[in-house]
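Text of entry16.cif (mmCIF, C-alpha atoms and all ligand atoms) as supplied:
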data_work
#
loop_
_atom_site.group_PDB
_atom_site.id
_atom_site.type_symbol
_atom_site.label_atom_id
_atom_site.label_comp_id
_atom_site.auth_asym_id
_atom_site.auth_seq_id
_atom_site.Cartn_x
_atom_site.Cartn_y
_atom_site.Cartn_z
ATOM 1 C CA MET R 829 2.142 3.361 9.199
ATOM 2 C CA ILE R 830 -1.374 1.944 8.979
ATOM 3 C CA GLY R 831 -2.749 0.564 5.732
ATOM 4 C CA LEU R 832 -6.496 0.256 5.257
ATOM 5 C CA THR R 833 -7.782 -1.690 2.334
ATOM 6 C CA GLY R 834 -11.103 -3.086 1.206
ATOM 7 C CA ALA R 835 -13.570 -3.311 -1.622
ATOM 8 C CA PRO R 836 -14.899 -0.151 -3.273
ATOM 9 C CA GLY R 837 -17.484 1.503 -1.045
ATOM 10 C CA ALA R 838 -16.664 -0.662 1.981
ATOM 11 C CA GLY R 839 -16.366 2.504 4.062
ATOM 12 C CA LYS R 840 -12.598 2.965 4.066
ATOM 13 C CA SER R 841 -12.704 6.755 3.853
ATOM 14 C CA THR R 842 -15.379 6.979 6.516
ATOM 15 C CA LEU R 843 -13.325 4.764 8.797
ATOM 16 C CA VAL R 844 -10.101 6.667 8.138
ATOM 17 C CA ASP R 845 -11.970 9.835 8.932
ATOM 18 C CA GLN R 846 -13.234 8.410 12.236
ATOM 19 C CA LEU R 847 -9.776 7.162 13.153
ATOM 20 C CA ALA R 848 -8.300 10.553 12.299
ATOM 21 C CA LYS R 849 -10.776 12.205 14.656
ATOM 22 C CA HIS R 850 -9.936 9.659 17.348
ATOM 23 C CA TYR R 851 -6.199 10.203 17.046
ATOM 24 C CA ARG R 852 -6.532 13.977 16.876
ATOM 25 C CA LYS R 853 -8.258 13.868 20.247
ATOM 26 C CA GLU R 854 -5.039 12.302 21.511
ATOM 27 C CA ASN R 855 -3.217 15.208 19.914
ATOM 28 C CA ARG R 856 -1.361 13.050 17.446
ATOM 29 C CA THR R 857 -0.519 14.520 14.059
ATOM 30 C CA ILE R 858 -1.745 12.581 11.073
ATOM 31 C CA GLY R 859 -0.872 12.065 7.447
ATOM 32 C CA ILE R 860 -3.465 10.462 5.205
ATOM 33 C CA ILE R 861 -2.722 9.073 1.785
ATOM 34 C CA ALA R 862 -5.774 8.215 -0.264
ATOM 35 C CA VAL R 863 -4.765 6.026 -3.160
ATOM 36 C CA ASP R 864 -6.828 6.443 -6.276
ATOM 37 C CA PRO R 865 -9.732 8.171 -4.520
ATOM 38 C CA THR R 866 -11.299 8.838 -7.891
ATOM 39 C CA SER R 867 -12.096 5.163 -8.234
ATOM 40 C CA PRO R 868 -14.827 4.767 -10.821
ATOM 41 C CA TYR R 869 -16.571 2.081 -8.781
ATOM 42 C CA THR R 870 -18.691 4.149 -6.453
ATOM 43 C CA GLY R 871 -20.392 7.231 -7.768
ATOM 44 C CA GLY R 872 -20.382 10.053 -5.293
ATOM 45 C CA ALA R 873 -17.389 8.810 -3.399
ATOM 46 C CA ILE R 874 -15.190 11.507 -4.906
ATOM 47 C CA LEU R 875 -17.476 14.208 -3.653
ATOM 48 C CA GLY R 876 -17.716 12.454 -0.301
ATOM 49 C CA ASP R 877 -13.952 12.356 0.006
ATOM 50 C CA ARG R 878 -13.696 16.039 -0.858
ATOM 51 C CA ILE R 879 -16.245 17.013 1.739
ATOM 52 C CA ARG R 880 -14.538 14.912 4.386
ATOM 53 C CA MET R 881 -11.187 16.362 3.443
ATOM 54 C CA GLN R 882 -12.561 19.869 3.733
ATOM 55 C CA ASP R 883 -13.677 19.064 7.253
ATOM 56 C CA HIS R 884 -10.041 18.764 8.146
ATOM 57 C CA TYR R 885 -8.573 21.537 6.054
ATOM 58 C CA ALA R 886 -8.585 23.926 8.961
ATOM 59 C CA ASP R 887 -6.598 21.475 11.089
ATOM 60 C CA PRO R 888 -2.852 21.644 10.454
ATOM 61 C CA GLY R 889 -2.565 18.402 12.429
ATOM 62 C CA ILE R 890 -3.990 16.530 9.465
ATOM 63 C CA TYR R 891 -2.314 16.395 6.097
ATOM 64 C CA ILE R 892 -4.126 14.669 3.234
ATOM 65 C CA ARG R 893 -2.534 13.598 0.020
ATOM 66 C CA SER R 894 -4.322 11.935 -2.868
ATOM 67 C CA MET R 895 -2.528 9.557 -5.166
ATOM 68 C CA ALA R 896 -4.104 9.010 -8.533
ATOM 69 C CA THR R 897 -1.061 8.168 -10.554
ATOM 70 C CA ARG R 898 -2.039 4.714 -11.691
ATOM 71 C CA GLY R 899 -0.001 3.777 -14.726
ATOM 72 C CA SER R 900 2.785 6.224 -14.012
ATOM 73 C CA LEU R 901 6.408 5.245 -14.395
ATOM 74 C CA GLY R 902 7.525 3.150 -11.480
ATOM 75 C CA GLY R 903 3.933 2.388 -10.608
ATOM 76 C CA LEU R 904 1.410 3.458 -8.072
ATOM 77 C CA ALA R 905 3.001 1.413 -5.323
ATOM 78 C CA ARG R 906 6.301 3.206 -5.769
ATOM 79 C CA ALA R 907 4.715 6.652 -5.829
ATOM 80 C CA THR R 908 2.717 5.823 -2.721
ATOM 81 C CA ALA R 909 5.763 4.443 -0.950
ATOM 82 C CA ASP R 910 7.627 7.657 -1.706
ATOM 83 C CA ALA R 911 4.781 9.826 -0.433
ATOM 84 C CA ALA R 912 4.469 7.721 2.719
ATOM 85 C CA THR R 913 8.192 7.947 3.368
ATOM 86 C CA VAL R 914 8.133 11.712 3.000
ATOM 87 C CA LEU R 915 5.194 12.000 5.393
ATOM 88 C CA ASP R 916 6.862 9.678 7.854
ATOM 89 C CA ALA R 917 10.084 11.646 7.694
ATOM 90 C CA SER R 918 8.219 14.936 8.095
ATOM 91 C CA GLY R 919 7.451 13.827 11.633
ATOM 92 C CA ARG R 920 3.789 12.901 11.417
ATOM 93 C CA ASP R 921 2.948 10.777 14.433
ATOM 94 C CA LEU R 922 0.813 8.526 12.322
ATOM 95 C CA VAL R 923 0.376 7.844 8.622
ATOM 96 C CA MET R 924 -2.715 6.131 7.221
ATOM 97 C CA ILE R 925 -2.959 4.818 3.692
ATOM 98 C CA GLU R 926 -6.363 4.113 2.182
ATOM 99 C CA THR R 927 -6.393 1.888 -0.845
ATOM 100 C CA VAL R 928 -9.006 -0.067 -2.759
ATOM 101 C CA GLY R 929 -8.105 -3.717 -2.321
ATOM 102 C CA VAL R 930 -8.263 -5.033 -5.813
ATOM 103 C CA GLY R 931 -4.897 -5.647 -7.391
ATOM 104 C CA GLN R 932 -1.215 -6.336 -7.006
ATOM 105 C CA ASP R 933 -0.546 -2.604 -6.663
ATOM 106 C CA GLU R 934 -2.641 -2.614 -3.510
ATOM 107 C CA ILE R 935 -0.968 -5.687 -2.111
ATOM 108 C CA ASP R 936 2.371 -3.955 -2.661
ATOM 109 C CA ILE R 937 1.083 -0.822 -0.969
ATOM 110 C CA VAL R 938 -0.150 -2.595 2.124
ATOM 111 C CA ARG R 939 3.173 -4.338 2.420
ATOM 112 C CA LEU R 940 4.539 -0.903 3.319
ATOM 113 C CA ALA R 941 2.338 -0.668 6.351
ATOM 114 C CA ASP R 942 3.267 -1.755 9.827
ATOM 115 C CA VAL R 943 -0.361 -2.613 10.421
ATOM 116 C CA THR R 944 -2.763 -3.646 7.696
ATOM 117 C CA VAL R 945 -6.486 -3.373 8.261
ATOM 118 C CA VAL R 946 -8.702 -5.265 5.824
ATOM 119 C CA ILE R 947 -12.255 -3.973 5.679
ATOM 120 C CA LEU R 948 -15.084 -6.302 4.748
ATOM 121 C CA VAL R 949 -18.811 -5.673 4.710
ATOM 122 C CA PRO R 950 -21.814 -7.972 5.135
ATOM 123 C CA GLY R 951 -23.500 -9.099 1.998
ATOM 124 C CA MET R 952 -20.387 -10.061 0.138
ATOM 125 C CA GLY R 953 -19.925 -13.592 1.450
ATOM 126 C CA ASP R 954 -18.790 -14.938 -1.871
ATOM 127 C CA ASP R 955 -16.265 -12.165 -2.205
ATOM 128 C CA VAL R 956 -14.577 -13.280 0.986
ATOM 129 C CA GLN R 957 -13.941 -16.566 -0.793
ATOM 130 C CA THR R 958 -12.769 -14.849 -3.950
ATOM 131 C CA ILE R 959 -10.225 -12.592 -2.342
ATOM 132 C CA LYS R 960 -9.250 -14.860 0.511
ATOM 133 C CA ALA R 961 -5.829 -15.812 -0.797
ATOM 134 C CA GLY R 962 -4.700 -12.211 -0.941
ATOM 135 C CA ILE R 963 -6.363 -10.858 2.175
ATOM 136 C CA MET R 964 -5.695 -13.715 4.547
ATOM 137 C CA GLU R 965 -2.018 -13.072 4.056
ATOM 138 C CA ILE R 966 -2.012 -9.326 4.453
ATOM 139 C CA ALA R 967 -4.650 -8.683 7.122
ATOM 140 C CA ASP R 968 -3.341 -7.959 10.611
ATOM 141 C CA ILE R 969 -6.796 -6.829 11.673
ATOM 142 C CA PHE R 970 -10.158 -7.513 10.068
ATOM 143 C CA VAL R 971 -12.884 -4.927 10.217
ATOM 144 C CA ILE R 972 -16.457 -5.834 9.454
ATOM 145 C CA ASN R 973 -17.846 -2.437 8.646
ATOM 146 C CA LYS R 974 -21.520 -1.697 8.069
ATOM 147 C CA SER R 975 -22.244 -4.037 10.941
ATOM 148 C CA ASP R 976 -25.589 -2.295 11.174
ATOM 149 C CA ARG R 977 -26.503 -4.440 8.209
ATOM 150 C CA GLU R 978 -27.599 -8.015 8.330
ATOM 151 C CA GLY R 979 -24.970 -10.700 7.950
ATOM 152 C CA ALA R 980 -22.064 -9.367 10.029
ATOM 153 C CA GLU R 981 -21.975 -12.588 12.064
ATOM 154 C CA ARG R 982 -21.787 -14.677 8.940
ATOM 155 C CA VAL R 983 -18.814 -12.699 7.650
ATOM 156 C CA GLU R 984 -17.154 -13.182 11.019
ATOM 157 C CA ARG R 985 -17.715 -16.929 10.880
ATOM 158 C CA GLU R 986 -16.292 -17.055 7.358
ATOM 159 C CA ILE R 987 -13.169 -15.179 8.366
ATOM 160 C CA ARG R 988 -12.704 -17.493 11.334
ATOM 161 C CA GLY R 989 -13.141 -20.469 9.032
ATOM 162 C CA LEU R 990 -10.538 -19.246 6.592
ATOM 163 C CA GLN R 991 -8.191 -18.272 9.401
ATOM 164 C CA SER R 992 -8.024 -21.851 10.599
ATOM 165 C CA LEU R 993 -6.706 -22.869 7.196
ATOM 166 C CA ALA R 994 -4.369 -19.998 6.449
ATOM 167 C CA THR R 995 -0.799 -19.596 7.542
ATOM 168 C CA ARG R 996 0.474 -16.105 8.074
ATOM 169 C CA LYS R 997 3.517 -15.115 6.202
ATOM 170 C CA LEU R 998 4.852 -11.617 5.746
ATOM 171 C CA GLY R 999 7.807 -12.009 3.461
ATOM 172 C CA THR R 1000 9.945 -14.478 5.376
ATOM 173 C CA ILE R 1001 8.446 -13.569 8.732
ATOM 174 C CA ASN R 1002 5.723 -15.539 10.471
ATOM 175 C CA ASP R 1003 4.538 -13.448 13.378
ATOM 176 C CA ARG R 1004 2.174 -16.079 14.849
ATOM 177 C CA TRP R 1005 -0.537 -13.474 15.260
ATOM 178 C CA THR R 1006 -4.213 -14.236 14.975
ATOM 179 C CA PRO R 1007 -5.844 -11.192 13.412
ATOM 180 C CA PRO R 1008 -8.715 -9.955 15.539
ATOM 181 C CA ILE R 1009 -12.052 -9.073 14.030
ATOM 182 C CA VAL R 1010 -13.509 -5.671 14.884
ATOM 183 C CA LYS R 1011 -17.093 -4.808 14.015
ATOM 184 C CA THR R 1012 -17.735 -1.194 13.129
ATOM 185 C CA VAL R 1013 -20.420 1.144 11.903
ATOM 186 C CA ALA R 1014 -18.083 3.780 10.554
ATOM 187 C CA SER R 1015 -20.832 6.163 9.509
ATOM 188 C CA GLU R 1016 -21.894 6.362 13.178
ATOM 189 C CA GLY R 1017 -18.432 6.184 14.684
ATOM 190 C CA VAL R 1018 -19.265 2.864 16.321
ATOM 191 C CA GLY R 1019 -16.241 0.655 16.919
ATOM 192 C CA THR R 1020 -13.613 3.292 16.167
ATOM 193 C CA ALA R 1021 -12.090 3.126 19.630
ATOM 194 C CA ALA R 1022 -12.027 -0.683 19.492
ATOM 195 C CA LEU R 1023 -10.240 -0.532 16.143
ATOM 196 C CA ALA R 1024 -7.698 1.976 17.442
ATOM 197 C CA GLU R 1025 -7.108 -0.370 20.365
ATOM 198 C CA ALA R 1026 -6.636 -3.380 18.078
ATOM 199 C CA ILE R 1027 -4.114 -1.377 16.046
ATOM 200 C CA ALA R 1028 -2.215 -0.393 19.182
ATOM 201 C CA ASP R 1029 -2.297 -4.008 20.397
ATOM 202 C CA TYR R 1030 -0.733 -5.319 17.216
ATOM 203 C CA GLU R 1031 1.939 -2.607 17.228
ATOM 204 C CA ALA R 1032 2.761 -3.470 20.820
ATOM 205 C CA TYR R 1033 2.890 -7.164 19.939
ATOM 206 C CA LEU R 1034 5.252 -6.518 17.027
ATOM 207 C CA LYS R 1035 7.523 -4.489 19.246
ATOM 208 C CA LYS R 1036 7.456 -7.063 22.029
ATOM 209 C CA GLU R 1037 8.365 -9.834 19.576
ATOM 210 C CA ASN R 1038 11.056 -7.655 18.033
ATOM 211 C CA LEU R 1039 9.281 -7.872 14.685
ATOM 212 C CA PHE R 1040 8.561 -4.191 14.140
ATOM 213 C CA LEU R 1041 12.097 -3.498 13.021
ATOM 214 C CA LYS R 1042 12.428 -6.848 11.229
ATOM 215 C CA LYS R 1043 9.381 -6.140 9.068
ATOM 216 C CA ASN R 1044 10.747 -2.740 8.217
ATOM 217 C CA VAL R 1045 14.175 -4.080 7.367
ATOM 218 C CA GLU R 1046 12.644 -6.630 5.021
ATOM 219 C CA ASN R 1047 10.516 -3.941 3.475
ATOM 220 C CA TRP R 1048 13.497 -1.669 2.897
ATOM 221 C CA GLN R 1049 15.514 -4.487 1.420
ATOM 222 C CA GLU R 1050 12.933 -4.751 -1.341
ATOM 223 C CA ARG R 1051 12.503 -1.039 -1.741
ATOM 224 C CA LEU R 1052 16.218 -0.391 -1.940
ATOM 225 C CA ILE R 1053 16.527 -2.797 -4.852
ATOM 226 C CA GLU R 1054 13.688 -0.998 -6.627
ATOM 227 C CA MET R 1055 15.224 2.396 -5.943
ATOM 228 C CA LEU R 1056 18.611 1.225 -7.185
ATOM 229 C CA ARG R 1057 17.034 -0.244 -10.299
ATOM 230 C CA ASP R 1058 15.320 3.050 -11.043
ATOM 231 C CA ALA R 1059 18.391 5.143 -10.328
ATOM 232 C CA MET R 1060 20.602 2.995 -12.524
ATOM 233 C CA LEU R 1061 18.099 2.927 -15.354
ATOM 234 C CA GLN R 1062 17.918 6.697 -15.125
ATOM 235 C CA LYS R 1063 21.709 6.929 -15.398
ATOM 236 C CA VAL R 1064 21.822 4.656 -18.432
ATOM 237 C CA ARG R 1065 18.968 6.524 -20.105
ATOM 238 C CA GLU R 1066 20.943 9.725 -19.715
ATOM 239 C CA ARG R 1067 23.764 8.148 -21.689
ATOM 240 C CA VAL R 1068 21.713 6.399 -24.362
ATOM 241 C CA ASP R 1069 19.347 8.747 -26.123
ATOM 242 C CA GLY R 1070 16.328 7.766 -28.183
ATOM 243 C CA ALA R 1071 18.199 7.945 -31.491
ATOM 244 C CA SER R 1072 20.949 5.627 -30.300
ATOM 245 C CA LEU R 1073 18.375 3.255 -28.910
ATOM 246 C CA ALA R 1074 16.599 3.153 -32.281
ATOM 247 C CA ARG R 1075 19.900 2.533 -34.054
ATOM 248 C CA TYR R 1076 20.837 -0.252 -31.663
ATOM 249 C CA ALA R 1077 17.450 -1.857 -32.146
ATOM 250 C CA GLU R 1078 17.912 -1.743 -35.896
ATOM 251 C CA GLU R 1079 21.354 -3.294 -35.686
ATOM 252 C CA ILE R 1080 20.052 -6.057 -33.445
ATOM 253 C CA ALA R 1081 17.101 -6.732 -35.711
ATOM 254 C CA GLU R 1082 19.505 -6.938 -38.670
ATOM 255 C CA HIS R 1083 21.656 -9.381 -36.727
ATOM 256 C CA LYS R 1084 24.570 -6.983 -36.795
ATOM 257 C CA ARG R 1085 24.709 -6.857 -33.060
ATOM 258 C CA ASP R 1086 24.236 -9.137 -30.156
ATOM 259 C CA PRO R 1087 21.827 -7.597 -27.618
ATOM 260 C CA TYR R 1088 23.424 -9.303 -24.633
ATOM 261 C CA SER R 1089 26.911 -7.962 -25.139
ATOM 262 C CA LEU R 1090 25.442 -4.580 -26.095
ATOM 263 C CA VAL R 1091 23.559 -4.348 -22.825
ATOM 264 C CA GLU R 1092 26.641 -5.331 -20.925
ATOM 265 C CA GLU R 1093 28.679 -2.667 -22.719
ATOM 266 C CA ILE R 1094 26.105 0.035 -22.043
ATOM 267 C CA VAL R 1095 25.824 -0.895 -18.382
ATOM 268 C CA GLU R 1096 29.581 -0.768 -18.091
ATOM 269 C CA GLY R 1097 29.670 2.626 -19.699
ATOM 270 C CA SER R 1098 30.890 1.934 -23.198
ATOM 271 C CA ASP R 1099 28.960 0.936 -26.311
ATOM 272 C CA GLY R 1100 31.876 -0.563 -28.197
ATOM 273 C CA ARG R 1101 32.193 2.361 -30.585
ATOM 274 C CA GLY R 1102 34.722 4.340 -28.689
ATOM 275 C CA GLY R 1103 31.990 6.315 -27.053
ATOM 276 C CA SER R 1104 30.783 8.010 -30.227
ATOM 277 C CA ASN R 1105 27.163 7.253 -29.385
ATOM 278 C CA VAL R 1106 27.515 7.832 -25.729
ATOM 279 C CA GLN R 1107 26.054 11.054 -24.416
ATOM 280 C CA HIS R 1108 28.177 12.904 -21.827
HETATM 281 N N1 LIG O 1 -24.901 1.645 6.601
HETATM 282 C C1 LIG O 1 -23.618 2.002 6.680
HETATM 283 N N2 LIG O 1 -23.101 2.795 5.729
HETATM 284 C C2 LIG O 1 -21.792 3.139 5.827
HETATM 285 C C3 LIG O 1 -20.996 2.706 6.904
HETATM 286 N N3 LIG O 1 -19.749 3.190 6.722
HETATM 287 C C4 LIG O 1 -19.771 3.901 5.589
HETATM 288 N N4 LIG O 1 -21.013 3.880 5.033
HETATM 289 C C5 LIG O 1 -21.436 4.534 3.801
HETATM 290 O O1 LIG O 1 -20.906 3.807 2.698
HETATM 291 C C6 LIG O 1 -20.612 4.687 1.611
HETATM 292 C C7 LIG O 1 -19.184 4.498 1.153
HETATM 293 O O2 LIG O 1 -18.303 4.944 2.157
HETATM 294 P P1 LIG O 1 -16.821 5.400 1.856
HETATM 295 O O3 LIG O 1 -16.192 5.682 3.154
HETATM 296 O O4 LIG O 1 -16.773 6.437 0.812
HETATM 297 O O5 LIG O 1 -16.255 4.029 1.246
HETATM 298 P P2 LIG O 1 -14.818 3.788 0.580
HETATM 299 O O6 LIG O 1 -14.469 2.385 0.911
HETATM 300 O O7 LIG O 1 -13.857 4.837 0.986
HETATM 301 O O8 LIG O 1 -15.158 3.919 -0.954
HETATM 302 P P3 LIG O 1 -14.123 4.086 -2.173
HETATM 303 O O9 LIG O 1 -13.006 4.966 -1.721
HETATM 304 O O10 LIG O 1 -14.931 4.659 -3.268
HETATM 305 O O11 LIG O 1 -13.673 2.683 -2.499
HETATM 306 C C8 LIG O 1 -20.904 6.080 2.133
HETATM 307 O O12 LIG O 1 -22.162 6.466 1.686
HETATM 308 C C9 LIG O 1 -20.884 5.916 3.625
HETATM 309 O O13 LIG O 1 -21.687 6.863 4.287
HETATM 310 C C10 LIG O 1 -21.591 1.862 7.900
HETATM 311 O O14 LIG O 1 -20.956 1.421 8.863
HETATM 312 N N5 LIG O 1 -22.901 1.555 7.731
HETATM 313 MG MG MG O 2 -12.664 6.136 -0.183
#

The structure given in the file should be rewritten as structure tokens.
Ligand SMILES: Nc1nc2c(ncn2[C@@H]2O[C@H](COP(=O)(O)OP(=O)(O)OP(=O)(O)O)[C@@H](O)[C@H]2O)c(=O)[nH]1
Ligand SMILES: [Mg+2]
Amino acid sequence: MIGLTGAPGAGKSTLVDQLAKHYRKENRTIGIIAVDPTSPYTGGAILGDRIRMQDHYADPGIYIRSMATRGSLGGLARATADAATVLDASGRDLVMIETVGVGQDEIDIVRLADVTVVILVPGMGDDVQTIKAGIMEIADIFVINKSDREGAERVEREIRGLQSLATRKLGTINDRWTPPIVKTVASEGVGTAALAEAIADYEAYLKKENLFLKKNVENWQERLIEMLRDAMLQKVRERVDGASLARYAEEIAEHKRDPYSLVEEIVEGSDGRGGSNVQH
């Protein structure tokens, strides 16, 4: 799974599109998840994404799924993780996730990926400073896209500068990898092959160091807890309906009940009233 993240308009979709073309030439099947492609930041991007998607509609080797469920129960990261898992299990050779790198949701999403590509563009030098804490940790590969513009070298120098200060940590794992910097002009397809090579290099490195599985195990450890939490909450909510919940709340507010013991009772399957308020 490859995660691609970067500021709005950095050229993520264009790059994903170029990579998709590259991989399709190698006959690999691809799943693409575009997270929140209707981002309000760049006008016209929605239309651009649609047009690009249409390009591929005729190709059954490419499956594209848009996620725009921000604010939904369980969160965008969860929904994306589920979609990625389904795609992975469906036997796609390669899954790419495009996400706008702005918040914790995105950090959580890229944690899913085996390889995380952080896309920067010239002309945002200060932004490198602003987002450094987050991106230095998650980037396995840096892309300086729009390298046709002035300032690509400066961005490269800044990344190198920050790299010398940062320590890599992915959960509890330090992979001792120095993220390479790949310059691209996505709109022209320049640098796509070099990026694909950098991705393959990192995957090979992870496998050689026996970290590929380790990263995934760590990832699943976290996800399993989340899935269990959701499943158990679901079970409890089936037993405690809205009316009971309101009544409990009232009793607690009136100091007739202690919330801690109540929660314990509900979790254990009884509410201390001989089951009269328990559904099922
Ligand atoms: N000059 C130049 N323009 C580019 C390059 N790559 C992409 N663009 C243009 O930049 C604009 C934004 O590209 P997108 O691929 O939609 O960017 P994005 O990061 O997916 O944008 P959002 O999904 O809205 O965050 C488009 O007009 C692209 O044609 C590049 O290398 N050089
Ligand atoms: Mg996009």

Inset, instruction - Have a look at R:Ile1053, R:Ala886, R:Val863, R:Ala1024 and name the one nearest to Val1010 in chain R; count only C-alpha atoms. - result: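 Nearest candidate to Val1010 in chain R out of R:Ile1053, R:Ala886, R:Val863, R:Ala1024: R:Ala1024.
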
Would you give me, as a tab-separated table, each residue of range 952-1042 of chain R having an atom within 10 Å of an atom of range 941-945 of chain R, along with its shortest atom pair and that distance in Å to one decimal, using only C-alpha atoms and sorting by chain and residue number?
residue	atom	partner	partner_atom	distance
R:Ile963	CA	R:Val945	CA	9.6
R:Ile966	CA	R:Thr944	CA	6.6
R:Ala967	CA	R:Thr944	CA	5.4
R:Asp968	CA	R:Thr944	CA	5.2
R:Ile969	CA	R:Val945	CA	4.9
R:Phe970	CA	R:Val945	CA	5.8
R:Val971	CA	R:Val945	CA	6.9
R:Pro1007	CA	R:Val945	CA	9.4
R:Ile1009	CA	R:Val945	CA	9.8
R:Val1010	CA	R:Val945	CA	9.9
R:Leu1023	CA	R:Val945	CA	9.2
R:Ala1026	CA	R:Val945	CA	9.8
R:Ile1027	CA	R:Val943	CA	6.9
R:Ala1028	CA	R:Val943	CA	9.2
R:Tyr1030	CA	R:Val943	CA	7.3
R:Glu1031	CA	R:Val943	CA	7.2
R:Leu1034	CA	R:Asp942	CA	8.9
R:Leu1039	CA	R:Asp942	CA	9.9
R:Phe1040	CA	R:Asp942	CA	7.3
R:Leu1041	CA	R:Asp942	CA	9.6

Legend entry - Using all atoms listed in the file: which of R:Val928, R:Ile892, R:Val1091, R:Leu1073 has the shortest distance to ligand LIG 1 (chain O):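 Answer, going by the shortest atom-to-atom distance: R:Val928.
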
Legend entry - Test item: which residues lie within 9 Å of (-20.7, 1.4, 6.8) counting all atoms listed in the file, as an MDAnalysis selection string: chainID R and resid 837:840 842:843 949 972:977 1012:1016

Inset, instruction - Give as a ChimeraX atom specification the residues that the PyMOL selection byres (((chain R and resi 987) around 9) and not hetatm) matches when applied to the coordinates above. - result: /R:956,960,964,970,982-986,988-992,1009

Inset, instruction - Please determine the residues with any atom at most 10 Å from (11.1, 0.4, 0.9) (coordinates as given in the file, with all atoms listed in the file counting) and report them as a list in words. - result: Arg906, Ala909, Asp910, Thr913, Arg939, Leu940, Asn1044, Val1045, Glu1046, Asn1047, Trp1048, Gln1049, Glu1050, Arg1051, Leu1052, Ile1053, Glu1054 and Met1055 of chain R

Keeping C-alpha atoms, export the residues of the selection given above as a PDB file, keeping the file's coordinate frame.
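The resulting file, result_34.pdb, is shown below:
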ATOM      1  CA  ARG R 906       6.301   3.206  -5.769  1.00  0.00           C
ATOM      2  CA  ALA R 909       5.763   4.443  -0.950  1.00  0.00           C
ATOM      3  CA  ASP R 910       7.627   7.657  -1.706  1.00  0.00           C
ATOM      4  CA  THR R 913       8.192   7.947   3.368  1.00  0.00           C
ATOM      5  CA  ARG R 939       3.173  -4.338   2.420  1.00  0.00           C
ATOM      6  CA  LEU R 940       4.539  -0.903   3.319  1.00  0.00           C
ATOM      7  CA  ASN R1044      10.747  -2.740   8.217  1.00  0.00           C
ATOM      8  CA  VAL R1045      14.175  -4.080   7.367  1.00  0.00           C
ATOM      9  CA  GLU R1046      12.644  -6.630   5.021  1.00  0.00           C
ATOM     10  CA  ASN R1047      10.516  -3.941   3.475  1.00  0.00           C
ATOM     11  CA  TRP R1048      13.497  -1.669   2.897  1.00  0.00           C
ATOM     12  CA  GLN R1049      15.514  -4.487   1.420  1.00  0.00           C
ATOM     13  CA  GLU R1050      12.933  -4.751  -1.341  1.00  0.00           C
ATOM     14  CA  ARG R1051      12.503  -1.039  -1.741  1.00  0.00           C
ATOM     15  CA  LEU R1052      16.218  -0.391  -1.940  1.00  0.00           C
ATOM     16  CA  ILE R1053      16.527  -2.797  -4.852  1.00  0.00           C
ATOM     17  CA  GLU R1054      13.688  -0.998  -6.627  1.00  0.00           C
ATOM     18  CA  MET R1055      15.224   2.396  -5.943  1.00  0.00           C
TER      19      MET R1055
END

Legend entry - Coordinates-based distance that separates CA of Gly859 in chain R from CA of Val923 in chain R (Å, one decimal): 4.6 Å

Enumerate, as a PDB file with C-alpha atoms, in the coordinates of the input, the residues matched when the PyMOL selection byres (((chain R and resi 850) around 12) and not hetatm) is run on the file above.
ATOM      1  CA  LEU R 843     -13.325   4.764   8.797  1.00  0.00           C
ATOM      2  CA  VAL R 844     -10.101   6.667   8.138  1.00  0.00           C
ATOM      3  CA  ASP R 845     -11.970   9.835   8.932  1.00  0.00           C
ATOM      4  CA  GLN R 846     -13.234   8.410  12.236  1.00  0.00           C
ATOM      5  CA  LEU R 847      -9.776   7.162  13.153  1.00  0.00           C
ATOM      6  CA  ALA R 848      -8.300  10.553  12.299  1.00  0.00           C
ATOM      7  CA  LYS R 849     -10.776  12.205  14.656  1.00  0.00           C
ATOM      8  CA  TYR R 851      -6.199  10.203  17.046  1.00  0.00           C
ATOM      9  CA  ARG R 852      -6.532  13.977  16.876  1.00  0.00           C
ATOM     10  CA  LYS R 853      -8.258  13.868  20.247  1.00  0.00           C
ATOM     11  CA  GLU R 854      -5.039  12.302  21.511  1.00  0.00           C
ATOM     12  CA  ASN R 855      -3.217  15.208  19.914  1.00  0.00           C
ATOM     13  CA  ARG R 856      -1.361  13.050  17.446  1.00  0.00           C
ATOM     14  CA  THR R 857      -0.519  14.520  14.059  1.00  0.00           C
ATOM     15  CA  ILE R 858      -1.745  12.581  11.073  1.00  0.00           C
ATOM     16  CA  LEU R 922       0.813   8.526  12.322  1.00  0.00           C
ATOM     17  CA  GLY R1017     -18.432   6.184  14.684  1.00  0.00           C
ATOM     18  CA  VAL R1018     -19.265   2.864  16.321  1.00  0.00           C
ATOM     19  CA  GLY R1019     -16.241   0.655  16.919  1.00  0.00           C
ATOM     20  CA  THR R1020     -13.613   3.292  16.167  1.00  0.00           C
ATOM     21  CA  ALA R1021     -12.090   3.126  19.630  1.00  0.00           C
ATOM     22  CA  ALA R1022     -12.027  -0.683  19.492  1.00  0.00           C
ATOM     23  CA  LEU R1023     -10.240  -0.532  16.143  1.00  0.00           C
ATOM     24  CA  ALA R1024      -7.698   1.976  17.442  1.00  0.00           C
ATOM     25  CA  GLU R1025      -7.108  -0.370  20.365  1.00  0.00           C
TER      26      GLU R1025
END

Calculate, to one decimal in Å, the centre and edge lengths of the box along x, y and z of the file that holds all listed atoms of ligand LIG 1 (chain O) with 6 Å of margin on each side, and present them as AutoDock Vina command-line options.
--center_x -19.0 --center_y 4.1 --center_z 2.8 --size_x 23.9 --size_y 17.4 --size_z 24.1

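Proximity to ligand LIG 1 (chain O) was assessed for R:Val946, R:Ala912, R:Leu904, R:Ile937 counting only C-alpha atoms and all ligand atoms; the smallest distance is recorded for R:Val946.
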
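Pairwise distance (CA of Arg1075 in chain R, CA of Gln1062 in chain R) equals 19.5 Å.
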